[in-house]
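K.L.:
Quick one: the structure is below, and I'll ask about it shortly.
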Amino acid sequence: MTALTDFERLECQGIWRPTPDSQRRDVIVSVGKATLTISDQQGLAIAHWSLPAVERVNGGERPAIFRPGADANETLELTDETMILAIAKVQSAVNRQRPHPGRLRFGLVGGSIALTAALALFWLPNAMISYTASVVPSAKRIAIGDVLLANIKRVAGKPCDSVLGTQSLSRLQARLFGDTPGKIVVLSDGVLPASHLPGQIILLNRELVEDHEQVEVAAGYAIVENLRASQHDPLVQLLDQAGLMAAFRLLTTGDIPETVLSSYSEHLLIAEPETVPEKAIVEWFQNAEIRSSPYAYAIDISGETTLALIESDAAAAHSAKPILADGDWVSLQGICGE
């Protein structure tokens, strides 16, 4: 992006409208090497636009009006001449370098394959992977997670799915994570007690519901996997393992080769789980008003390495609330059948 050599960081005031029927908002607009960021007056980012995809909709008029792509409803009004010039220079550079017309997928990434290749050369691999993951929409993440789950079935067995057990899993998901999209899946076999996939999919080994008398054990494993996913983006981890070419293909075509996903699904079943800070686990149990000692003793029967979870449970036992009704827990314990 040599067109931005003189504009590595610009800021100005603007007026943003997320939809044609929405109220106009005063915002702060900043532009970096490849992204235009729209923030509220407190500095909180509310939209990110890919600079190569930005279009101007009103020619040489003032204020200049831009949108993030041909099909976008958002608009941004600018009067700052330096900012308008910076965006115009990027558009001019893209038009010169574009070997084929068209848009990259996901509605947030514009430009051509040649431009993306140039970005890959200028960015470090980690930055390229992080950027790719940041523009993949939730629906695509869920689709990738579902493909991984289908591959995992061949190694870890079919997910357990009795009618009553599946309903209980949905209630467990709602109790732990509220309205947050995602799902918990119980596998009939597997190497690890728990794991997670892109798309907020949490995997639990059937032993967690069959071999323990208290639902807090399975809940604890689900909570910790959710924390792992929030601290380390599972899509970034997939792309780190798959390599830069897989990230490049996802960015430019919206797909990851099946062979890559198959290999990664096998890696997930034997990968050493990343450590989650004990303080974060304690806080989650406390905020969710769930007893933590059953999970602590399931991790370490002596309690020596999970003492903080046990002590915090003793201090807040009076405020704990049920996770599932007894009937739901019985149904969940039988989700895998005979």
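Quick note on naming: the chains in the structure tokens go A, B, ... in the order shown, residues restart at 1 in each chain, and ligands are numbered from 1 in order of appearance.
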Got a sec: who's within 12 Å of Lys279 (chain A), counting only C-alpha atoms, leaving out chain neighbours fewer than 2 positions off, as JSON, numbers by chain?

P.N.:
{"A": [224, 227, 275, 276, 277, 281, 282, 283, 284, 285, 286, 306, 307, 308, 309, 312]}

K.L.:
Residues within 12 Å of Asp326 (chain A), please, as a list in words. Count only C-alpha atoms; anything in the same chain fewer than 3 positions from it doesn't count.

P.N.:
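Near Asp326 (chain A), the qualifying residues are Ser168, Glu213, Gln214, Val215, Pro322, Ile323, Trp329, Val330, Ser331, Leu332 and Gln333 of chain A.
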
K.L.:
For CA of Arg56 (chain A) and CA of Gln13 (chain A), determine how far apart the two atoms are, in Å to one decimal place.

P.N.:
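Calculated distance between CA of Arg56 (chain A) and CA of Gln13 (chain A) is 17.1 Å.
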
K.L.:
Can you list, as a ChimeraX atom specification, all residues belonging to region 39-259 of chain A that DSSP tags as alpha helix (DSSP H)?

P.N.:
/A:81-97,113-122,125-135,138-156,163-177,207-210,215-231,234-242,244-253,258-259

K.L.:
Please provide the set of residues having any atom within 12 Å of Gly43 (chain A), restricted to only C-alpha atoms, with same-chain residues fewer than 5 positions apart removed, written as a PDB file with N, CA and C atoms, in the first residue's frame.

P.N.:
```pdb
ATOM      1  N   GLU A  11      -6.610  11.261  11.356  1.00  0.00           N
ATOM      2  CA  GLU A  11      -7.879  11.305  12.071  1.00  0.00           C
ATOM      3  C   GLU A  11      -8.610  12.583  11.709  1.00  0.00           C
ATOM      4  N   GLN A  13     -12.957  14.434  11.979  1.00  0.00           N
ATOM      5  CA  GLN A  13     -14.355  14.303  12.340  1.00  0.00           C
ATOM      6  C   GLN A  13     -15.156  13.897  11.106  1.00  0.00           C
ATOM      7  N   ASP A  26     -22.206  11.872  14.946  1.00  0.00           N
ATOM      8  CA  ASP A  26     -20.871  12.456  14.865  1.00  0.00           C
ATOM      9  C   ASP A  26     -19.855  11.416  15.311  1.00  0.00           C
ATOM     10  N   VAL A  27     -18.836  11.212  14.500  1.00  0.00           N
ATOM     11  CA  VAL A  27     -17.849  10.169  14.782  1.00  0.00           C
ATOM     12  C   VAL A  27     -16.438  10.691  14.531  1.00  0.00           C
ATOM     13  N   ILE A  28     -15.486   9.891  14.976  1.00  0.00           N
ATOM     14  CA  ILE A  28     -14.072  10.143  14.704  1.00  0.00           C
ATOM     15  C   ILE A  28     -13.618   9.114  13.675  1.00  0.00           C
ATOM     16  N   VAL A  29     -13.010   9.574  12.614  1.00  0.00           N
ATOM     17  CA  VAL A  29     -12.570   8.702  11.532  1.00  0.00           C
ATOM     18  C   VAL A  29     -11.051   8.665  11.530  1.00  0.00           C
ATOM     19  N   SER A  30     -10.490   7.454  11.531  1.00  0.00           N
ATOM     20  CA  SER A  30      -9.043   7.309  11.453  1.00  0.00           C
ATOM     21  C   SER A  30      -8.719   6.334  10.337  1.00  0.00           C
ATOM     22  N   THR A  37     -11.186   3.265  10.238  1.00  0.00           N
ATOM     23  CA  THR A  37     -11.893   2.949  11.479  1.00  0.00           C
ATOM     24  C   THR A  37     -12.802   4.096  11.867  1.00  0.00           C
ATOM     25  N   ILE A  38     -14.042   3.756  12.214  1.00  0.00           N
ATOM     26  CA  ILE A  38     -15.025   4.742  12.656  1.00  0.00           C
ATOM     27  C   ILE A  38     -15.271   4.509  14.141  1.00  0.00           C
TER      28      ILE A  38
END
```

K.L.:
Each residue of region 251-310 of chain A lying at most 8 Å from region 126-150 of chain A should get a row with its shortest atom-to-atom pair and the distance in Å to one decimal, counting only C-alpha atoms; could you produce that, ordered by chain and increasing number, as CSV?

P.N.:
```
residue,atom,partner,partner_atom,distance
A:Leu251,CA,A:Thr132,CA,5.7
A:Leu261,CA,A:Leu148,CA,6.0
A:Ser262,CA,A:Leu148,CA,6.9
A:Tyr264,CA,A:Leu148,CA,7.8
A:Ser265,CA,A:Leu148,CA,5.6
```

K.L.:
One number please: CA of Leu239 (chain A) to CA of Arg206 (chain A), in Å, one decimal.

P.N.:
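Separation between CA of Leu239 (chain A) and CA of Arg206 (chain A): 28.3 Å.
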
K.L.:
Mind giving me the straight-line distance from CA of Leu10 (chain A) to CA of Gly32 (chain A) in Å, one decimal?

P.N.:
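Going from CA of Leu10 (chain A) over to CA of Gly32 (chain A) covers 7.1 Å.
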
K.L.:
Using only C-alpha atoms, which of the listed residues (A:Asp40, A:Asp300, A:Asp21, A:Glu74) sits closest to Val217 (chain A)?

P.N.:
A:Asp300

K.L.:
Within 10 Å of Val185 (chain A), counting only C-alpha atoms, which residues show up once you throw out same-chain ones fewer than 3 positions away? Write them as a PyMOL selection string, please.

P.N.:
chain A and resi 149+159-161+166+169-170+173+182+188+194-196+201-206+222

K.L.:
If you run DSSP on the backbone, which residues of region 96-323 of chain A are strand (DSSP E or B), as a PyMOL selection string?

P.N.:
chain A and resi 159+183-187+194-197+201-205

K.L.:
Store the residues of this selection in a file with N, CA and C atoms, as a PDB file, in the first residue's frame.

P.N.:
```pdb
ATOM      1  N   PRO A 159     -21.494 -37.386  17.437  1.00  0.00           N
ATOM      2  CA  PRO A 159     -22.003 -36.646  18.589  1.00  0.00           C
ATOM      3  C   PRO A 159     -23.264 -37.295  19.150  1.00  0.00           C
ATOM      4  N   LYS A 183     -22.977 -23.555  20.631  1.00  0.00           N
ATOM      5  CA  LYS A 183     -23.601 -24.803  21.064  1.00  0.00           C
ATOM      6  C   LYS A 183     -22.569 -25.671  21.771  1.00  0.00           C
ATOM      7  N   ILE A 184     -23.081 -26.552  22.627  1.00  0.00           N
ATOM      8  CA  ILE A 184     -22.249 -27.541  23.312  1.00  0.00           C
ATOM      9  C   ILE A 184     -22.570 -28.897  22.699  1.00  0.00           C
ATOM     10  N   VAL A 185     -21.532 -29.650  22.376  1.00  0.00           N
ATOM     11  CA  VAL A 185     -21.693 -30.961  21.746  1.00  0.00           C
ATOM     12  C   VAL A 185     -21.013 -32.005  22.629  1.00  0.00           C
ATOM     13  N   VAL A 186     -21.704 -33.107  22.884  1.00  0.00           N
ATOM     14  CA  VAL A 186     -21.114 -34.225  23.623  1.00  0.00           C
ATOM     15  C   VAL A 186     -20.685 -35.285  22.611  1.00  0.00           C
ATOM     16  N   LEU A 187     -19.403 -35.649  22.629  1.00  0.00           N
ATOM     17  CA  LEU A 187     -18.869 -36.641  21.713  1.00  0.00           C
ATOM     18  C   LEU A 187     -18.872 -38.023  22.353  1.00  0.00           C
ATOM     19  N   ALA A 194     -12.257 -32.070  26.805  1.00  0.00           N
ATOM     20  CA  ALA A 194     -13.012 -30.978  26.186  1.00  0.00           C
ATOM     21  C   ALA A 194     -12.134 -30.258  25.172  1.00  0.00           C
ATOM     22  N   SER A 195     -12.802 -29.593  24.233  1.00  0.00           N
ATOM     23  CA  SER A 195     -12.103 -28.779  23.244  1.00  0.00           C
ATOM     24  C   SER A 195     -13.107 -27.770  22.698  1.00  0.00           C
ATOM     25  N   HIS A 196     -12.684 -26.939  21.746  1.00  0.00           N
ATOM     26  CA  HIS A 196     -13.606 -25.976  21.142  1.00  0.00           C
ATOM     27  C   HIS A 196     -13.228 -25.735  19.692  1.00  0.00           C
ATOM     28  N   LEU A 197     -14.201 -25.245  18.927  1.00  0.00           N
ATOM     29  CA  LEU A 197     -14.036 -25.017  17.493  1.00  0.00           C
ATOM     30  C   LEU A 197     -14.469 -23.593  17.157  1.00  0.00           C
ATOM     31  N   ILE A 201     -18.338 -23.362  19.201  1.00  0.00           N
ATOM     32  CA  ILE A 201     -18.755 -24.742  19.404  1.00  0.00           C
ATOM     33  C   ILE A 201     -17.846 -25.359  20.467  1.00  0.00           C
ATOM     34  N   ILE A 202     -18.429 -25.852  21.549  1.00  0.00           N
ATOM     35  CA  ILE A 202     -17.669 -26.466  22.640  1.00  0.00           C
ATOM     36  C   ILE A 202     -17.916 -27.977  22.610  1.00  0.00           C
ATOM     37  N   LEU A 203     -16.835 -28.744  22.662  1.00  0.00           N
ATOM     38  CA  LEU A 203     -16.905 -30.196  22.620  1.00  0.00           C
ATOM     39  C   LEU A 203     -16.613 -30.764  24.005  1.00  0.00           C
ATOM     40  N   LEU A 204     -17.457 -31.673  24.455  1.00  0.00           N
ATOM     41  CA  LEU A 204     -17.262 -32.345  25.738  1.00  0.00           C
ATOM     42  C   LEU A 204     -17.222 -33.853  25.510  1.00  0.00           C
ATOM     43  N   ASN A 205     -16.306 -34.533  26.174  1.00  0.00           N
ATOM     44  CA  ASN A 205     -16.272 -35.983  26.148  1.00  0.00           C
ATOM     45  C   ASN A 205     -17.435 -36.528  26.971  1.00  0.00           C
TER      46      ASN A 205
END
```

K.L.:
In terms of the shortest atom-to-atom distance over only C-alpha atoms, which of A:Ala219, A:Val54, A:Val260, A:Ala242 is closest to Asp71 (chain A)?

P.N.:
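Selected residue with least distance to Asp71 (chain A): A:Val54.
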